[in-house]
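File shown here: coords.csv, holding CSV, C-alpha atoms and all ligand atoms.
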```csv
chain,number,residue,atom,x,y,z
A,18,MET,CA,-32.5,-27.1,-70.5
A,19,ASP,CA,-34.4,-28.0,-67.4
A,20,ILE,CA,-36.5,-25.3,-65.6
A,21,ARG,CA,-37.5,-26.4,-62.1
A,22,ALA,CA,-38.3,-25.1,-58.6
A,23,GLU,CA,-35.4,-24.4,-56.3
A,24,LYS,CA,-34.3,-27.3,-54.1
A,25,PRO,CA,-32.5,-26.9,-50.7
A,26,GLU,CA,-29.2,-28.1,-52.2
A,27,ASP,CA,-29.3,-25.3,-54.8
A,28,VAL,CA,-28.8,-22.5,-52.3
A,29,LYS,CA,-25.0,-22.0,-52.9
A,30,ALA,CA,-25.2,-22.3,-56.7
A,31,ILE,CA,-28.1,-19.7,-56.8
A,32,TYR,CA,-25.9,-17.3,-54.7
A,33,GLN,CA,-23.1,-17.7,-57.2
A,34,VAL,CA,-25.3,-17.2,-60.3
A,35,ASN,CA,-26.7,-14.0,-58.9
A,36,LYS,CA,-23.3,-12.8,-57.8
A,37,GLU,CA,-21.7,-13.4,-61.2
A,38,ALA,CA,-24.6,-12.1,-63.3
A,39,PHE,CA,-24.8,-8.8,-61.4
A,40,GLY,CA,-21.1,-8.5,-60.7
A,41,ARG,CA,-21.9,-7.8,-57.0
A,42,GLU,CA,-23.3,-9.7,-54.0
A,43,ASN,CA,-26.4,-7.5,-53.2
A,44,GLU,CA,-28.9,-9.5,-55.3
A,45,ALA,CA,-27.5,-12.8,-54.0
A,46,ILE,CA,-27.9,-11.6,-50.4
A,47,LEU,CA,-31.4,-10.4,-51.2
A,48,VAL,CA,-32.5,-13.9,-52.4
A,49,ASP,CA,-31.0,-15.4,-49.2
A,50,GLN,CA,-33.1,-13.0,-47.2
A,51,LEU,CA,-36.3,-13.5,-49.1
A,52,ARG,CA,-36.1,-17.3,-49.2
A,53,GLY,CA,-38.8,-18.9,-47.1
A,54,ILE,CA,-41.2,-16.0,-47.1
A,55,ALA,CA,-44.7,-16.9,-48.0
A,56,SER,CA,-45.8,-16.7,-51.6
A,57,THR,CA,-42.4,-16.6,-53.2
A,58,VAL,CA,-41.4,-18.4,-56.3
A,59,SER,CA,-37.8,-19.5,-57.0
A,60,LEU,CA,-37.0,-21.3,-60.3
A,61,VAL,CA,-33.6,-22.5,-61.6
A,62,ALA,CA,-32.4,-23.2,-65.1
A,63,VAL,CA,-30.2,-26.4,-65.2
A,64,GLN,CA,-28.0,-27.4,-68.0
A,65,SER,CA,-25.8,-30.5,-67.8
A,66,ASP,CA,-26.4,-30.6,-64.0
A,67,GLN,CA,-25.2,-27.0,-63.6
A,68,ILE,CA,-27.4,-24.2,-62.4
A,69,VAL,CA,-27.0,-21.5,-65.1
A,70,GLY,CA,-29.9,-19.3,-64.3
A,71,HIS,CA,-32.2,-18.2,-61.5
A,72,LEU,CA,-35.5,-16.3,-61.2
A,73,PHE,CA,-37.3,-15.1,-58.1
A,74,PHE,CA,-40.7,-13.6,-57.3
A,75,SER,CA,-41.8,-12.1,-54.0
A,76,PRO,CA,-45.0,-10.4,-52.8
A,77,VAL,CA,-45.5,-6.7,-53.2
A,78,THR,CA,-48.2,-4.6,-51.8
A,79,ILE,CA,-50.5,-1.9,-53.2
A,80,ASN,CA,-53.3,0.4,-52.1
A,81,ARG,CA,-56.7,-1.1,-52.8
A,82,HIS,CA,-60.2,0.3,-52.7
A,83,SER,CA,-61.7,-3.1,-52.1
A,84,SER,CA,-61.1,-5.6,-49.3
A,85,SER,CA,-61.0,-8.7,-51.5
A,86,GLN,CA,-57.6,-10.5,-51.6
A,87,LEU,CA,-55.2,-9.7,-54.3
A,88,LEU,CA,-51.8,-11.5,-54.8
A,89,MET,CA,-49.3,-9.3,-56.6
A,90,LEU,CA,-45.7,-10.5,-57.0
A,91,GLY,CA,-42.5,-8.7,-58.0
A,92,LEU,CA,-40.2,-10.4,-60.6
A,93,ALA,CA,-36.7,-9.9,-59.2
A,94,PRO,CA,-34.0,-10.8,-59.4
A,95,ILE,CA,-33.4,-12.7,-62.6
A,96,ALA,CA,-29.8,-13.8,-63.3
A,97,ILE,CA,-28.2,-15.8,-66.0
A,98,LEU,CA,-24.5,-16.8,-65.7
A,99,PRO,CA,-22.6,-14.4,-68.1
A,100,LYS,CA,-21.5,-17.0,-70.6
A,101,TYR,CA,-25.0,-18.4,-70.9
A,102,GLN,CA,-26.7,-15.1,-71.6
A,103,ARG,CA,-28.4,-14.3,-74.9
A,104,GLN,CA,-29.3,-17.9,-75.5
A,105,GLY,CA,-33.0,-17.7,-74.5
A,106,ILE,CA,-32.6,-19.0,-71.0
A,107,GLY,CA,-33.9,-15.8,-69.3
A,108,SER,CA,-36.9,-15.8,-71.6
A,109,LEU,CA,-37.6,-19.5,-70.8
A,110,LEU,CA,-37.3,-18.8,-67.1
A,111,ILE,CA,-39.7,-15.8,-67.3
A,112,GLN,CA,-42.3,-17.8,-69.3
A,113,ARG,CA,-42.2,-20.7,-66.9
A,114,GLY,CA,-42.1,-18.3,-63.9
A,115,LEU,CA,-45.2,-16.5,-65.1
A,116,GLU,CA,-47.0,-19.8,-65.6
A,117,THR,CA,-46.1,-20.8,-62.1
A,118,CYS,CA,-47.3,-17.5,-60.7
A,119,HIS,CA,-50.6,-18.0,-62.5
A,120,GLN,CA,-51.0,-21.5,-61.1
A,121,LEU,CA,-50.4,-20.1,-57.6
A,122,GLY,CA,-53.3,-17.8,-58.0
A,123,CYS,CA,-51.2,-14.6,-58.5
A,124,ASP,CA,-53.3,-11.8,-60.0
A,125,ALA,CA,-50.5,-9.6,-61.4
A,126,VAL,CA,-46.7,-9.4,-61.6
A,127,VAL,CA,-44.6,-6.2,-61.6
A,128,VAL,CA,-41.1,-5.8,-62.7
A,129,LEU,CA,-38.5,-2.9,-62.8
A,130,GLY,CA,-36.2,-3.3,-65.8
A,131,ASP,CA,-35.6,-2.9,-69.5
A,132,PRO,CA,-39.0,-2.3,-71.3
A,133,ASN,CA,-37.7,-3.7,-74.6
A,134,TYR,CA,-37.0,-7.0,-72.8
A,135,TYR,CA,-40.1,-7.4,-70.6
A,136,SER,CA,-42.6,-6.2,-73.1
A,137,ARG,CA,-41.9,-9.5,-75.0
A,138,PHE,CA,-43.7,-11.3,-72.1
A,139,GLY,CA,-46.7,-8.9,-72.1
A,140,PHE,CA,-45.6,-6.4,-69.5
A,141,VAL,CA,-46.9,-2.9,-70.0
A,142,ALA,CA,-46.0,0.4,-68.3
A,143,ALA,CA,-47.5,0.2,-64.8
A,144,SER,CA,-48.4,3.9,-65.0
A,145,THR,CA,-51.1,3.0,-67.6
A,146,GLN,CA,-52.8,1.1,-64.7
A,147,GLY,CA,-52.2,4.0,-62.2
A,148,LEU,CA,-49.4,2.3,-60.5
A,149,ARG,CA,-46.1,3.8,-59.4
A,150,CYS,CA,-42.8,2.4,-58.3
A,151,GLU,CA,-41.4,3.3,-54.9
A,152,TYR,CA,-37.9,3.7,-56.4
A,153,ASP,CA,-36.7,6.5,-58.6
A,154,ALA,CA,-37.0,4.9,-62.1
A,155,PRO,CA,-37.9,6.0,-65.6
A,156,ASP,CA,-41.7,5.8,-66.1
A,157,ASP,CA,-41.6,3.0,-68.7
A,158,ALA,CA,-39.1,0.9,-66.7
A,159,PHE,CA,-41.7,-0.1,-64.1
A,160,MET,CA,-44.1,-2.5,-65.7
A,161,VAL,CA,-47.0,-4.7,-64.8
A,162,LEU,CA,-48.6,-7.9,-66.3
A,163,GLU,CA,-52.2,-8.8,-65.3
A,164,LEU,CA,-52.5,-12.6,-64.9
A,165,ASN,CA,-56.2,-12.3,-63.9
A,166,SER,CA,-58.0,-9.9,-66.2
A,167,ALA,CA,-59.3,-6.8,-64.4
A,168,ALA,CA,-57.3,-7.7,-61.3
A,169,LEU,CA,-56.0,-4.2,-61.1
A,170,GLN,CA,-59.3,-2.4,-61.6
A,171,ASP,CA,-59.5,-1.0,-58.1
A,172,CYS,CA,-55.7,-0.6,-57.5
A,173,SER,CA,-53.7,2.6,-57.6
A,174,GLY,CA,-50.7,4.3,-56.0
A,175,THR,CA,-47.3,3.1,-55.1
A,176,VAL,CA,-46.3,-0.5,-55.3
A,177,GLN,CA,-44.1,-1.4,-52.3
A,178,TYR,CA,-41.5,-4.1,-52.4
A,179,ARG,CA,-40.4,-6.0,-49.3
A,180,SER,CA,-38.1,-4.1,-47.0
A,181,GLU,CA,-35.3,-6.7,-47.8
A,182,PHE,CA,-34.9,-5.0,-51.2
A,183,LYS,CA,-33.1,-2.1,-49.5
A,184,VAL,CA,-29.9,-4.2,-49.8
A,185,CYS,CA,-30.0,-3.5,-53.6
A,186,GLU,CA,-30.5,0.3,-53.4
A,201,LIG,C1,-31.1,-9.8,-68.3
A,201,LIG,C2,-30.9,-11.3,-68.4
A,201,LIG,C3,-31.6,-11.9,-67.3
A,201,LIG,C4,-31.5,-11.7,-69.7
A,201,LIG,O1,-31.3,-13.2,-69.8
A,201,LIG,P1,-30.8,-13.8,-71.2
A,201,LIG,O2,-30.9,-15.3,-71.0
A,201,LIG,O3,-29.5,-13.3,-71.5
A,201,LIG,O4,-31.9,-13.2,-72.2
A,201,LIG,P2,-32.6,-14.0,-73.4
A,201,LIG,O5,-31.5,-14.8,-74.1
A,201,LIG,O6,-33.8,-14.6,-73.0
A,201,LIG,O7,-33.0,-12.8,-74.3
A,201,LIG,C5,-32.0,-12.1,-75.0
A,201,LIG,C6,-32.4,-10.7,-75.3
A,201,LIG,O8,-32.5,-10.0,-74.1
A,201,LIG,C7,-32.1,-8.7,-74.2
A,201,LIG,N1,-31.1,-8.6,-73.2
A,201,LIG,C8,-30.3,-9.5,-72.7
A,201,LIG,N2,-29.5,-9.0,-71.7
A,201,LIG,C9,-29.9,-7.7,-71.6
A,201,LIG,C10,-29.5,-6.7,-70.7
A,201,LIG,N3,-28.5,-6.8,-69.8
A,201,LIG,N4,-30.1,-5.5,-70.9
A,201,LIG,C11,-31.0,-5.3,-71.8
A,201,LIG,N5,-31.4,-6.3,-72.6
A,201,LIG,C12,-30.9,-7.5,-72.5
A,201,LIG,C13,-31.5,-8.5,-75.5
A,201,LIG,O9,-32.4,-7.8,-76.3
A,201,LIG,C14,-31.4,-9.9,-76.1
A,201,LIG,O10,-31.8,-9.9,-77.4
A,201,LIG,P3,-30.7,-10.1,-78.5
A,201,LIG,O11,-30.0,-11.4,-78.2
A,201,LIG,O12,-31.6,-10.2,-79.7
A,201,LIG,O13,-29.9,-8.9,-78.4
A,201,LIG,C15,-29.4,-11.7,-68.3
A,201,LIG,O14,-28.7,-11.0,-69.4
A,201,LIG,C16,-28.7,-11.3,-67.0
A,201,LIG,O15,-28.6,-12.1,-66.1
A,201,LIG,N6,-28.2,-10.1,-66.9
A,201,LIG,C17,-27.5,-9.6,-65.7
A,201,LIG,C18,-28.4,-9.5,-64.5
A,201,LIG,C19,-29.5,-8.5,-64.9
A,201,LIG,O16,-29.3,-7.4,-65.4
A,201,LIG,N7,-30.8,-8.9,-64.5
A,201,LIG,C20,-32.0,-8.2,-64.9
A,201,LIG,C21,-32.3,-7.1,-63.9
A,201,LIG,S1,-33.8,-6.4,-64.4
```
Go ahead and render the structure in this file as structure tokens.
Ligand SMILES: CC(C)(COP(=O)(O)OP(=O)(O)OC[C@H]1O[C@@H](n2cnc3c(N)ncnc32)[C@H](O)[C@@H]1OP(=O)(O)O)[C@@H](O)C(=O)NCCC(=O)NCCS
Amino acid sequence: MDIRAEKPEDVKAIYQVNKEAFGRENEAILVDQLRGIASTVSLVAVQSDQIVGHLFFSPVTINRHSSSQLLMLGLAPIAILPKYQRQGIGSLLIQRGLETCHQLGCDAVVVLGDPNYYSRFGFVAASTQGLRCEYDAPDDAFMVLELNSAALQDCSGTVQYRSEFKVCE
């Protein structure tokens, strides 16, 4: 299993992986719309020359009481082709993805999803850090992981995803 950054020739396969994993095209369209925006991360999982998984991060914004720069990314979407699910590929993508985010200087990552899954990677309920999700979601489903300790000390309020995410509502 090779995990690597997206290449230009991967675009069609990434669309297909998202479409098949989610059973609809919204997330695939979202990735197409976010591609090329600054501070995004796009990784693929490749097995026998086939793209079987994809993970994307894009910038989110938050109210701050300080003027210093803070880079916060949202993990979404993550998609594994159905027949390759539950083989550890998603976990591998997330681990590598978080390492890449850290290398890029990202301070914290948020995710909206299953707490049982994302807590394995160190995510905790964002509400414990005073952060809320702009979408209607159960409290424990919106999570955050600090990559820089104390990065969130002077953050609070609602985390805003990019407007392109409306395609998934
Ligand atoms: C969710 C997803 C990315 C996980 O990737 P994966 O490679 O299957 O996951 P891993 O093999 O790393 O981990 C497996 C564990 O994840 C959990 N898991 C996998 N898919 C899950 C799902 N759809 N919902 C909740 N938990 C899930 C299970 O607990 C599983 O553990 P188990 O095998 O002991 O039951 C993948 O199943 C997928 O693409 N699903 C469809 C798209 C989607 O829902 N994306 C996430 C949106 S937040």
Taking all atoms listed in the file into account, name the residue in A:Val61, A:Cys150, A:Ile46, A:Ala38 that is nearest to ligand LIG 201 (chain A).
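Among A:Val61, A:Cys150, A:Ile46, A:Ala38, it is A:Ala38 that comes nearest to ligand LIG 201 (chain A).
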Can you tell me which residues sit at most 7 Å away from ligand LIG 201 (chain A), counting all atoms listed in the file, written as a list in words?
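Protein and nucleic-acid residues within 7 Å of ligand LIG 201 (chain A): Ala38, Phe39, Ala93, Pro94, Ile95, Ala96, Ile97, Leu98, Pro99, Tyr101, Gln102, Arg103, Gln104, Gly105, Ile106, Gly107, Ser108, Leu109, Leu129, Gly130, Asp131, Asn133 and Tyr134 of chain A.
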With only C-alpha atoms counted, which protein, DNA or RNA residues have an atom no more than 12 Å from (-39.7, 9.1, -53.4) in the file frame? Please answer as an MDAnalysis selection string.
chainID A and resid 149:154 175:177
Identify which of the residues A:Arg179, A:Arg137, A:His119, A:Arg113 lies closest to Leu72 in chain A, counting only C-alpha atoms when measuring atom-to-atom distances.
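So, comparing all the options, the nearest one is A:Arg113.
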Taking (-45.9, -13.7, -51.3) as a centre in this file's frame and 12 Å as the limit, can you find every polymer residue with an atom that close, using all atoms listed in the file, and give them as a ChimeraX atom specification?
/A:51-59,73-78,87-92,118,121-126,178-179
Keeping only C-alpha atoms, take the residues you just selected and write them out as a PDB file, in the coordinates of the input.
```pdb
ATOM      1  CA  LEU A  51     -36.300 -13.500 -49.100  1.00  0.00           C
ATOM      2  CA  ARG A  52     -36.100 -17.300 -49.200  1.00  0.00           C
ATOM      3  CA  GLY A  53     -38.800 -18.900 -47.100  1.00  0.00           C
ATOM      4  CA  ILE A  54     -41.200 -16.000 -47.100  1.00  0.00           C
ATOM      5  CA  ALA A  55     -44.700 -16.900 -48.000  1.00  0.00           C
ATOM      6  CA  SER A  56     -45.800 -16.700 -51.600  1.00  0.00           C
ATOM      7  CA  THR A  57     -42.400 -16.600 -53.200  1.00  0.00           C
ATOM      8  CA  VAL A  58     -41.400 -18.400 -56.300  1.00  0.00           C
ATOM      9  CA  SER A  59     -37.800 -19.500 -57.000  1.00  0.00           C
ATOM     10  CA  PHE A  73     -37.300 -15.100 -58.100  1.00  0.00           C
ATOM     11  CA  PHE A  74     -40.700 -13.600 -57.300  1.00  0.00           C
ATOM     12  CA  SER A  75     -41.800 -12.100 -54.000  1.00  0.00           C
ATOM     13  CA  PRO A  76     -45.000 -10.400 -52.800  1.00  0.00           C
ATOM     14  CA  VAL A  77     -45.500  -6.700 -53.200  1.00  0.00           C
ATOM     15  CA  THR A  78     -48.200  -4.600 -51.800  1.00  0.00           C
ATOM     16  CA  LEU A  87     -55.200  -9.700 -54.300  1.00  0.00           C
ATOM     17  CA  LEU A  88     -51.800 -11.500 -54.800  1.00  0.00           C
ATOM     18  CA  MET A  89     -49.300  -9.300 -56.600  1.00  0.00           C
ATOM     19  CA  LEU A  90     -45.700 -10.500 -57.000  1.00  0.00           C
ATOM     20  CA  GLY A  91     -42.500  -8.700 -58.000  1.00  0.00           C
ATOM     21  CA  LEU A  92     -40.200 -10.400 -60.600  1.00  0.00           C
ATOM     22  CA  CYS A 118     -47.300 -17.500 -60.700  1.00  0.00           C
ATOM     23  CA  LEU A 121     -50.400 -20.100 -57.600  1.00  0.00           C
ATOM     24  CA  GLY A 122     -53.300 -17.800 -58.000  1.00  0.00           C
ATOM     25  CA  CYS A 123     -51.200 -14.600 -58.500  1.00  0.00           C
ATOM     26  CA  ASP A 124     -53.300 -11.800 -60.000  1.00  0.00           C
ATOM     27  CA  ALA A 125     -50.500  -9.600 -61.400  1.00  0.00           C
ATOM     28  CA  VAL A 126     -46.700  -9.400 -61.600  1.00  0.00           C
ATOM     29  CA  TYR A 178     -41.500  -4.100 -52.400  1.00  0.00           C
ATOM     30  CA  ARG A 179     -40.400  -6.000 -49.300  1.00  0.00           C
TER      31      ARG A 179
END
```
For Ser173 in chain A: contacts at 6 Å, only C-alpha atoms, fewer than 2 positions along chain excluded, given as a short mmCIF file (atom, residue, chain, number, x, y, z; two decimals) with C-alpha atoms, in the frame of the given file:
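Result written to result15.cif:
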```cif
data_model
loop_
_atom_site.label_atom_id
_atom_site.label_comp_id
_atom_site.auth_asym_id
_atom_site.auth_seq_id
_atom_site.Cartn_x
_atom_site.Cartn_y
_atom_site.Cartn_z
CA ASN A 80 -53.30 0.40 -52.10
CA GLY A 147 -52.20 4.00 -62.20
CA LEU A 148 -49.40 2.30 -60.50
#
```
Quote the spacing between CA of Tyr135 in chain A and CA of Gln112 in chain A in Å to one decimal place.
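Between CA of Tyr135 in chain A and CA of Gln112 in chain A the gap is 10.7 Å.
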Please report the interatomic distance between CA of Val48 in chain A and CA of Lys36 in chain A in Å with one decimal.
10.7 Å
Between CA of Asp157 in chain A and CA of Ala143 in chain A, what is the distance in Å, rounded to a tenth?
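Between these atoms lies a distance of 7.6 Å.
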Report as an mmCIF file with C-alpha atoms, in the frame of the given file all protein, DNA and RNA residues lying within 8 Å of Gln33 in chain A, evaluated on all atoms listed in the file, omitting residues in the same chain fewer than 4 positions from it.
```
data_model
loop_
_atom_site.group_PDB
_atom_site.id
_atom_site.type_symbol
_atom_site.label_atom_id
_atom_site.label_comp_id
_atom_site.auth_asym_id
_atom_site.auth_seq_id
_atom_site.Cartn_x
_atom_site.Cartn_y
_atom_site.Cartn_z
ATOM 1 C CA LYS A 29 -25.000 -22.000 -52.900
ATOM 2 C CA GLU A 37 -21.700 -13.400 -61.200
ATOM 3 C CA ALA A 45 -27.500 -12.800 -54.000
#
```
Using all atoms listed in the file, which protein or nucleic acid residues come within 10 Å of Ser136 in chain A? Drop anything in the same chain fewer than 4 positions from it, and give the result as an MDAnalysis selection string.
chainID A and resid 131:132 140:142 160:162
Using all atoms listed in the file, find the one residue out of A:Val69, A:Ala167, A:Ala62, A:Ile31 that sits nearest to Lys100 in chain A.
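Result for the nearest residue to Lys100 in chain A: A:Val69.
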With only C-alpha atoms as the atoms that count, which of A:Thr145, A:Asn43, A:Thr117, A:Asn35 lies nearest to Arg21 in chain A?
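Looking only at the distances to Arg21 in chain A, the closest residue turns out to be A:Thr117.
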